[in-house]
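The next block holds one structure in the form of structure tokens; read it before the comments.
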Amino acid sequence: MGLATFVGGIHPYEGKELSENQPIEELWPVGELVYPLSQHIGAPAKALVKKGDQVLVGQKLAEAGGFVSAPVLSSVSGTVKTIEKRRTAGGTMVDSIVVVNDGKYTPVEGMGQERNPETLTKEEILNLVKEAGIVGLGGAGFPTHVKLSPKAPEKIDYVIINGAECEPYLTSDYRRMIEEPEKVIGGLKVILKLFDGAKGVIGIEDNKPEAIKKMTELVKSEPRIEVCPLKTKYPQGGERTLIYAVTGRKINSSMLPADVGCIVDNVDTAAAIYMAVVKGTPLLTKTVTVTGDAIANTKNYSVRLGTCYQELIDAAGGFKTEPEKVISGGPMMGQALFDLTIPVAKTSSSLTCLSHDAVAEMEPTACIRCGRCVSVCPGHVVPQKLYKTALRHDLDAFVKLNGMECCECGCCSYICPARKPLTQSFKEMRKAVAAARRK
Amino acid sequence: MSKLLNVSSSPHVRSDVVTSNLMGDVIIAMIPAAVFGVWQFGVHAALVLLLTVASCVVSEYLYERLLNKPVTIGDLSAVVTGLILGLNMPPEIPVWIPCLGGVFAIIVVKQLYGGLGQNFMNPALAARCFLLISFAQKMSSFTLDGVSGATPLAVLKSGGTVDVAAMFVGRIPGTIGEVSTVALLIGGIYLLYKKVISIRIPGTYILTVAVFVFIFGKQDLNYVLAHLCGGGLIFGAFFMATDYVTSPITPMGQIVFGVLLGLLTGLFRIFGGSAEGVSYAIILGNLFVPLIEKYTLPVAFGKEGKKA
């Protein structure tokens, strides 16, 4: 019996050895802080402050713009400089609140007030999670309080904590798990309080034996929690592949994990829930890996939200060689950046600095129908056929061939011996289909 | 920072394996059979292989140069076509015949349909069939150690008996590359090990032939084994039926394809006029590939039992 996993997937160069042994260091911001109002899936947050306002650490700068939305909190104390459009990692200009740091880190009243989760009601827990500005920190940015409020909470029988960290180069979740496992487990216990019939499972890829060992030891005394070692394979940490590996249940693109009785949260999200509910500290920081062959010193930083990416690079000693590409996130699903004047957002996980952009020199050649895209696709679609529909921009054919089941993991593009931009074209098609459906 | 960084859509890394690596593996896998053929049939066989490959590569180069297209001989696909075609030639063939075959394979079957990936028939096999029809006598006279003789399957068809051990090793008359089952299996195992091909097509193909000849031929182990080792079945199953371009891309389709080839081969061998049938079975099978793919699309993850 092998380790829990899924059918398909790839084994890219992991690159984790570059930064996995770097303990998380606290990084204090130097310059102004930028808080985009849209760091999550759903409606943008609505600004509560205006230019010139004094703000405190943990103060709400913007409130949730709807149910599926999340507030944005200040991670420093200081003065609101302006509210204007700033570029985010995704490349778009987003309304952002810019705060000048006074360096005092004066907290709002009541911050840091510890609570016993046993005495809290479910509604109180959900409200604390919401007010703390917590969203899916693994990268999706789905508001966590929404995720934790499924239609039928009694039907949830699995709460899965995603510690797979299958994306190459990233080590922030790994460091979290071995440095502060009690926070992750504490967060999971809070979530389990919301779902009485559920069992907690922490899924970790077996390339992180240290994390598996630590977590397993700590959950020994927890009857409702267990650790599930997963086979190291990309994209093991994808929501659908993770649920399948842990429970054997399958969801497609139009289903939610809750439809098969599952709630999935990233380890960092679980830790944030613990901090918010038990320690009274909202989401102010994010663990970010600074890595790649172009950076002088690889690091794992705990950094205040809103800090400029450039400051992380400077703190890590700058570049030892001129980078050709800097990716917000990992090389499989991360977003390449024009420049580094981008703020750390809730969904930031890594700055991967590559001295050589090998992909830029690759010329696509003829498809030889080798079928490698088919065998690696975790969504069990036929990328080779989808690509043909993408070239014709035939949305109907794309949907008919299950194009919407693509999770944009990048496996097909990675493996294609003809270097076809498969995933890239599917992203465009999926956007076009979604836009057409909204009409 | 004055210089803007490179921006592109993810993923930002790619596997090292490109088309020429895969083609290179196929070439490596055919070396045992080629070496055995040359060792057994002599230096003329080496000349045939060399000239067939050269004919294919030169045809591709000239065609692409003349039409101002990018020259793609570096992807090694023309070498693979040439080698497969050469290995399908009788060892004593006058060299101009396989050279003509190479031109036909590359120009008519491959390039006129749009080049690599666009042809719907296996170029080497289509060329072989073209030569079989055009030069039937020269294409089907086989000699071993200076003595001309019938191939084992022809002997079998006329009611004779054959030495399966000799067939397994390759001490039989036949085309340069098809005779040694063991040399071909070494190559086949290499391709499986390197994951260039999956077992789906060769496995189902060979199994279907075995079952078919057992039911409709003779219920005799020696007879069935002779059918498996003879007539280029192993060569066809591992090297020609698995041609990426002309076989189904879907896993289920590959199984259907293998079974179809097995049925056609059995049909041709047992009920047809000729003793052999692998080449024609694969060529015909190629024509069914789009249809097979259409009905064997995999069910998307999480969509089992649901309408798409």
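Each chain in the structure tokens gets a letter, A, B, ..., in the order shown, and its residues are numbered from 1; ligands are numbered from 1 in order too.
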* Asked: Among range 297-408 of chain A, which ones does DSSP place in strand (DSSP E or B), written as a PyMOL selection string?
  -> chain A and resi 299-304+308+319+325-328+335-336+343+350-354
Go ahead and dump the residues you just picked, N, CA, C and O atoms, as a compact mmCIF listing (two decimals), in the first residue's frame.
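File out18.txt, as written:
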```txt
# COMPACT_ATOMS: atom_id res chain seq x y z
N LYS A 299 15.94 33.01 2.41
CA LYS A 299 15.36 33.31 3.72
C LYS A 299 13.91 32.86 3.80
O LYS A 299 13.23 32.72 2.77
N ASN A 300 13.46 32.69 5.03
CA ASN A 300 12.02 32.58 5.29
C ASN A 300 11.69 33.72 6.24
O ASN A 300 12.22 33.76 7.35
N TYR A 301 10.86 34.63 5.80
CA TYR A 301 10.55 35.80 6.61
C TYR A 301 9.11 35.77 7.09
O TYR A 301 8.21 35.38 6.36
N SER A 302 8.94 36.25 8.33
CA SER A 302 7.60 36.60 8.77
C SER A 302 7.52 38.10 8.57
O SER A 302 8.23 38.87 9.22
N VAL A 303 6.68 38.53 7.63
CA VAL A 303 6.74 39.92 7.22
C VAL A 303 5.36 40.56 7.33
O VAL A 303 4.33 39.91 7.14
N ARG A 304 5.36 41.84 7.70
CA ARG A 304 4.10 42.57 7.84
C ARG A 304 3.41 42.68 6.48
O ARG A 304 4.06 43.02 5.48
N CYS A 308 6.77 46.26 1.01
CA CYS A 308 7.16 46.19 -0.41
C CYS A 308 8.09 44.99 -0.63
O CYS A 308 9.00 44.75 0.17
N PHE A 319 20.45 40.79 -4.79
CA PHE A 319 20.69 39.73 -5.76
C PHE A 319 22.19 39.49 -5.90
O PHE A 319 22.97 40.42 -5.95
N LYS A 325 14.02 36.77 -13.95
CA LYS A 325 12.62 36.60 -13.61
C LYS A 325 12.47 36.51 -12.09
O LYS A 325 13.24 35.80 -11.45
N VAL A 326 11.50 37.26 -11.56
CA VAL A 326 11.16 37.13 -10.15
C VAL A 326 9.69 36.76 -10.09
O VAL A 326 8.84 37.42 -10.69
N ILE A 327 9.42 35.67 -9.38
CA ILE A 327 8.07 35.13 -9.34
C ILE A 327 7.47 35.31 -7.96
O ILE A 327 8.10 34.98 -6.96
N SER A 328 6.27 35.86 -7.91
CA SER A 328 5.53 35.89 -6.65
C SER A 328 4.83 34.55 -6.53
O SER A 328 3.86 34.28 -7.21
N GLN A 335 3.20 34.07 -10.06
CA GLN A 335 3.04 35.12 -11.05
C GLN A 335 4.36 35.89 -11.22
O GLN A 335 4.93 36.37 -10.24
N ALA A 336 4.81 35.98 -12.45
CA ALA A 336 6.05 36.71 -12.72
C ALA A 336 5.79 38.20 -12.57
O ALA A 336 4.72 38.71 -12.92
N PRO A 343 3.30 45.07 -3.08
CA PRO A 343 3.20 44.80 -1.64
C PRO A 343 2.98 43.32 -1.31
O PRO A 343 2.38 42.60 -2.11
N SER A 350 5.95 33.48 -1.56
CA SER A 350 7.36 33.33 -1.89
C SER A 350 7.77 34.36 -2.93
O SER A 350 6.94 34.87 -3.69
N LEU A 351 9.04 34.69 -2.92
CA LEU A 351 9.64 35.42 -4.02
C LEU A 351 10.71 34.51 -4.58
O LEU A 351 11.72 34.25 -3.93
N THR A 352 10.46 33.97 -5.75
CA THR A 352 11.41 33.04 -6.35
C THR A 352 12.19 33.81 -7.41
O THR A 352 11.62 34.25 -8.41
N CYS A 353 13.48 33.99 -7.17
CA CYS A 353 14.30 34.84 -8.04
C CYS A 353 15.18 33.96 -8.91
O CYS A 353 16.08 33.28 -8.40
N LEU A 354 14.94 33.98 -10.20
CA LEU A 354 15.68 33.11 -11.10
C LEU A 354 16.64 33.94 -11.95
O LEU A 354 16.24 34.92 -12.58
```
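Using only C-alpha atoms, the protein and nucleic acid residues lying no more than 6 Å from Cys377 in chain A, apart from those fewer than 3 places from it along its own chain, are A:Gly8, A:Val374, A:His380.
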At a cut-off of 9 Å, can you tabulate as a Markdown table every residue of range 195-295 of chain B near range 25-48 of chain B together with its closest atom pair and the distance in Å to one decimal, using only C-alpha atoms and ordering rows by chain then number?
```
| residue | atom | partner | partner_atom | distance |
| --- | --- | --- | --- | --- |
| B:Val196 | CA | B:Asp25 | CA | 7.5 |
| B:Phe235 | CA | B:Ala33 | CA | 9.0 |
| B:Phe239 | CA | B:Val26 | CA | 7.8 |
```
Selected residues written out, N, CA and C atoms, as a PDB file, in the first residue's frame:
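Printed below is part-v8.pdb as written:
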```pdb
ATOM      1  N   VAL B 196       8.718   6.028 -22.664  1.00  0.00           N
ATOM      2  CA  VAL B 196       8.460   6.636 -23.966  1.00  0.00           C
ATOM      3  C   VAL B 196       7.134   6.103 -24.494  1.00  0.00           C
ATOM      4  N   PHE B 235       7.899  -6.293 -33.626  1.00  0.00           N
ATOM      5  CA  PHE B 235       8.389  -5.028 -34.178  1.00  0.00           C
ATOM      6  C   PHE B 235       7.238  -4.036 -34.335  1.00  0.00           C
ATOM      7  N   PHE B 239       7.054  -0.771 -31.995  1.00  0.00           N
ATOM      8  CA  PHE B 239       7.684   0.368 -32.660  1.00  0.00           C
ATOM      9  C   PHE B 239       6.797   1.074 -33.677  1.00  0.00           C
TER      10      PHE B 239
END
```
* Would you please extract all alpha helix (DSSP H) residues from range 17-259 of chain B, as assigned by DSSP on the backbone, and give them as a PyMOL selection string? => chain B and resi 19-41+43-66+77-87+96-103+123-134+136-139+152-157+164-169+181-193+200-216+221-229+233-235+251-259
* Asked: Quick one: residues within 7 Å of Val184 in chain A, only C-alpha atoms counted, chain neighbours fewer than 6 positions away excluded, as an MDAnalysis selection string?
  -> chainID A and resid 267 270:271
* To do: Give me the residues within 9 Å of Asn21 in chain B as a list in words, counting only C-alpha atoms and dropping any in the same chain fewer than 3 places off.
  =>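 The contact residues come out as Pro417 of chain A; Asp16, Val17, Val18, Gly24, Asp25, Val26, Asp75 and Leu76 of chain B.
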* **Residues near Asn252 in chain A, cut-off 12 Å, only C-alpha atoms, skip fewer than 5 positions along chain, as a list in words** =>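 So, after excluding close chain neighbours, the residues are Glu239, Arg240, Thr241, Ile243, Tyr244, Pro257, Asp259, Val260, Pro378, Gly379, His380, Val381, Asn402, Gly403, Met404, Glu405, Cys406 and Cys407 of chain A; Val299, Ala300, Phe301, Gly302, Lys303, Glu304, Gly305, Lys306 and Ala308 of chain B.
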Selected residues written out with N, CA, C and O atoms, as an mmCIF file, in the first residue's frame:
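For reference, again29.cif as written:
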```cif
data_model
loop_
_atom_site.group_PDB
_atom_site.id
_atom_site.type_symbol
_atom_site.label_atom_id
_atom_site.label_comp_id
_atom_site.auth_asym_id
_atom_site.auth_seq_id
_atom_site.Cartn_x
_atom_site.Cartn_y
_atom_site.Cartn_z
ATOM 1 N N GLU A 239 -6.517 21.516 -4.094
ATOM 2 C CA GLU A 239 -7.641 21.157 -3.234
ATOM 3 C C GLU A 239 -8.271 19.823 -3.632
ATOM 4 O O GLU A 239 -8.507 18.948 -2.804
ATOM 5 N N ARG A 240 -8.493 19.657 -4.940
ATOM 6 C CA ARG A 240 -9.170 18.438 -5.389
ATOM 7 C C ARG A 240 -8.287 17.213 -5.200
ATOM 8 O O ARG A 240 -8.759 16.156 -4.764
ATOM 9 N N THR A 241 -7.001 17.343 -5.524
ATOM 10 C CA THR A 241 -6.105 16.193 -5.389
ATOM 11 C C THR A 241 -5.883 15.848 -3.924
ATOM 12 O O THR A 241 -5.761 14.684 -3.566
ATOM 13 N N ILE A 243 -8.039 16.381 -1.354
ATOM 14 C CA ILE A 243 -9.246 15.738 -0.825
ATOM 15 C C ILE A 243 -9.294 14.278 -1.268
ATOM 16 O O ILE A 243 -9.580 13.372 -0.486
ATOM 17 N N TYR A 244 -8.947 14.054 -2.544
ATOM 18 C CA TYR A 244 -8.976 12.688 -3.053
ATOM 19 C C TYR A 244 -7.958 11.807 -2.338
ATOM 20 O O TYR A 244 -8.257 10.676 -1.940
ATOM 21 N N PRO A 257 -15.614 21.755 -1.673
ATOM 22 C CA PRO A 257 -15.204 20.654 -0.794
ATOM 23 C C PRO A 257 -16.326 20.244 0.160
ATOM 24 O O PRO A 257 -16.509 19.059 0.460
ATOM 25 N N ASP A 259 -19.310 19.949 -0.374
ATOM 26 C CA ASP A 259 -20.256 19.034 -1.030
ATOM 27 C C ASP A 259 -19.905 17.579 -0.770
ATOM 28 O O ASP A 259 -20.750 16.689 -0.905
ATOM 29 N N VAL A 260 -18.626 17.307 -0.460
ATOM 30 C CA VAL A 260 -18.256 15.931 -0.119
ATOM 31 C C VAL A 260 -17.808 15.863 1.343
ATOM 32 O O VAL A 260 -16.998 15.031 1.736
ATOM 33 N N PRO A 378 -4.042 16.052 -13.670
ATOM 34 C CA PRO A 378 -4.780 15.558 -12.511
ATOM 35 C C PRO A 378 -6.289 15.689 -12.690
ATOM 36 O O PRO A 378 -7.058 15.073 -11.971
ATOM 37 N N GLY A 379 -6.716 16.500 -13.674
ATOM 38 C CA GLY A 379 -8.145 16.686 -13.924
ATOM 39 C C GLY A 379 -8.688 15.696 -14.922
ATOM 40 O O GLY A 379 -9.872 15.720 -15.250
ATOM 41 N N HIS A 380 -7.811 14.813 -15.443
ATOM 42 C CA HIS A 380 -8.188 13.785 -16.414
ATOM 43 C C HIS A 380 -8.892 14.370 -17.632
ATOM 44 O O HIS A 380 -9.922 13.861 -18.079
ATOM 45 N N VAL A 381 -8.359 15.460 -18.146
ATOM 46 C CA VAL A 381 -8.857 15.968 -19.420
ATOM 47 C C VAL A 381 -7.773 15.709 -20.470
ATOM 48 O O VAL A 381 -6.735 15.144 -20.161
ATOM 49 N N ASN A 402 -14.485 19.483 -21.339
ATOM 50 C CA ASN A 402 -14.198 19.634 -19.908
ATOM 51 C C ASN A 402 -13.061 20.600 -19.596
ATOM 52 O O ASN A 402 -12.335 20.433 -18.616
ATOM 53 N N GLY A 403 -12.938 21.617 -20.445
ATOM 54 C CA GLY A 403 -11.888 22.601 -20.205
ATOM 55 C C GLY A 403 -12.010 23.302 -18.861
ATOM 56 O O GLY A 403 -11.015 23.711 -18.275
ATOM 57 N N MET A 404 -13.259 23.417 -18.370
ATOM 58 C CA MET A 404 -13.424 24.108 -17.097
ATOM 59 C C MET A 404 -12.936 23.262 -15.917
ATOM 60 O O MET A 404 -12.846 23.746 -14.801
ATOM 61 N N GLU A 405 -12.637 21.994 -16.181
ATOM 62 C CA GLU A 405 -12.092 21.147 -15.113
ATOM 63 C C GLU A 405 -10.587 21.355 -14.945
ATOM 64 O O GLU A 405 -9.973 20.777 -14.061
ATOM 65 N N CYS A 406 -9.991 22.145 -15.818
ATOM 66 C CA CYS A 406 -8.558 22.446 -15.697
ATOM 67 C C CYS A 406 -8.344 23.256 -14.422
ATOM 68 O O CYS A 406 -9.072 24.203 -14.147
ATOM 69 N N CYS A 407 -7.347 22.860 -13.620
ATOM 70 C CA CYS A 407 -7.079 23.615 -12.397
ATOM 71 C C CYS A 407 -5.866 24.519 -12.573
ATOM 72 O O CYS A 407 -5.365 25.082 -11.615
ATOM 73 N N VAL B 299 -12.982 10.362 -18.582
ATOM 74 C CA VAL B 299 -13.949 11.074 -17.749
ATOM 75 C C VAL B 299 -13.162 12.026 -16.864
ATOM 76 O O VAL B 299 -12.199 11.629 -16.210
ATOM 77 N N ALA B 300 -13.563 13.291 -16.865
ATOM 78 C CA ALA B 300 -12.832 14.272 -16.060
ATOM 79 C C ALA B 300 -12.947 13.946 -14.579
ATOM 80 O O ALA B 300 -13.948 13.369 -14.128
ATOM 81 N N PHE B 301 -11.922 14.327 -13.839
ATOM 82 C CA PHE B 301 -11.866 14.075 -12.394
ATOM 83 C C PHE B 301 -13.099 14.675 -11.708
ATOM 84 O O PHE B 301 -13.399 15.853 -11.878
ATOM 85 N N GLY B 302 -13.791 13.837 -10.964
ATOM 86 C CA GLY B 302 -14.958 14.331 -10.235
ATOM 87 C C GLY B 302 -16.225 14.376 -11.068
ATOM 88 O O GLY B 302 -17.252 14.829 -10.608
ATOM 89 N N LYS B 303 -16.133 13.922 -12.342
ATOM 90 C CA LYS B 303 -17.329 13.946 -13.195
ATOM 91 C C LYS B 303 -17.829 12.538 -13.486
ATOM 92 O O LYS B 303 -18.617 12.343 -14.410
ATOM 93 N N GLU B 304 -17.341 11.574 -12.727
ATOM 94 C CA GLU B 304 -17.764 10.201 -12.919
ATOM 95 C C GLU B 304 -19.267 10.097 -12.673
ATOM 96 O O GLU B 304 -19.783 10.629 -11.687
ATOM 97 N N GLY B 305 -19.917 9.422 -13.603
ATOM 98 C CA GLY B 305 -21.348 9.203 -13.430
ATOM 99 C C GLY B 305 -22.197 10.442 -13.623
ATOM 100 O O GLY B 305 -23.374 10.449 -13.342
ATOM 101 N N LYS B 306 -21.566 11.531 -14.112
ATOM 102 C CA LYS B 306 -22.349 12.745 -14.368
ATOM 103 C C LYS B 306 -22.258 13.085 -15.843
ATOM 104 O O LYS B 306 -21.293 12.754 -16.510
ATOM 105 N N ALA B 308 -21.478 15.447 -18.869
ATOM 106 C CA ALA B 308 -20.467 16.506 -19.018
ATOM 107 C C ALA B 308 -21.124 17.880 -19.103
ATOM 108 O O ALA B 308 -22.243 17.998 -19.554
#
```
Under the rule of at most 8 Å, produce a per-residue listing of chain B near chain A: chain, number, name, the closest pair of atoms, and the distance in Å, as a Markdown table, using only C-alpha atoms.
```
| residue | atom | partner | partner_atom | distance |
| --- | --- | --- | --- | --- |
| B:Met1 | CA | A:Asp339 | CA | 7.2 |
| B:Leu4 | CA | A:Phe338 | CA | 5.4 |
| B:Leu5 | CA | A:Phe338 | CA | 4.9 |
| B:Asn6 | CA | A:Lys325 | CA | 5.1 |
| B:Val7 | CA | A:Ala336 | CA | 5.0 |
| B:Ser8 | CA | A:Ala336 | CA | 6.2 |
| B:Ser9 | CA | A:Gln424 | CA | 5.9 |
| B:Ser10 | CA | A:Met333 | CA | 5.4 |
| B:Pro11 | CA | A:Met332 | CA | 4.2 |
| B:His12 | CA | A:Pro331 | CA | 4.9 |
| B:Val13 | CA | A:Pro331 | CA | 6.0 |
| B:Arg14 | CA | A:Tyr414 | CA | 4.3 |
| B:Ser15 | CA | A:Ile415 | CA | 5.4 |
| B:Val17 | CA | A:Pro417 | CA | 5.7 |
| B:Val18 | CA | A:Pro417 | CA | 3.9 |
| B:Thr19 | CA | A:Pro417 | CA | 5.0 |
| B:Leu116 | CA | A:Ala366 | CA | 6.3 |
| B:Gly117 | CA | A:Ile368 | CA | 4.6 |
| B:Tyr244 | CA | A:Cys370 | CA | 4.9 |
| B:Val245 | CA | A:Arg369 | CA | 5.3 |
| B:Ile249 | CA | A:Gly371 | CA | 5.1 |
| B:Thr250 | CA | A:Val374 | CA | 7.1 |
| B:Leu297 | CA | A:Val382 | CA | 7.5 |
| B:Pro298 | CA | A:His380 | CA | 6.2 |
| B:Val299 | CA | A:His380 | CA | 6.5 |
| B:Ala300 | CA | A:His380 | CA | 4.7 |
| B:Phe301 | CA | A:Gly379 | CA | 4.8 |
| B:Gly302 | CA | A:Asn252 | CA | 4.4 |
| B:Lys303 | CA | A:Asn252 | CA | 6.2 |
| B:Ala308 | CA | A:Lys400 | CA | 6.9 |
```
* Record the distance separating CA of Ala275 in chain B and CA of Gly217 in chain B, expressed in Å with one decimal. => 12.3 Å
* Excluding Lys294 in chain B and residues on its chain fewer than 2 positions from it, collect all residues at most 10 Å away from it, counting only C-alpha atoms, and give them as a VMD selection string. => chain B and resid 248 250 253 289 to 292 296 to 297
* **Residue nearest Thr92 in chain A - candidates A:Ile342, A:Ser172, A:Glu226, A:Pro117, atoms counted: only C-alpha atoms** => A:Ile342
* To do: Determine, counting only C-alpha atoms, which protein, DNA and RNA residues have an atom within 6 Å of an atom of range 65-78 of chain A; residues of the same chain fewer than 6 positions away are not included. Present the result as a VMD selection string.
  => chain A and resid 42 to 46 54 to 59 100 to 102 105 to 106 133 143 284 304
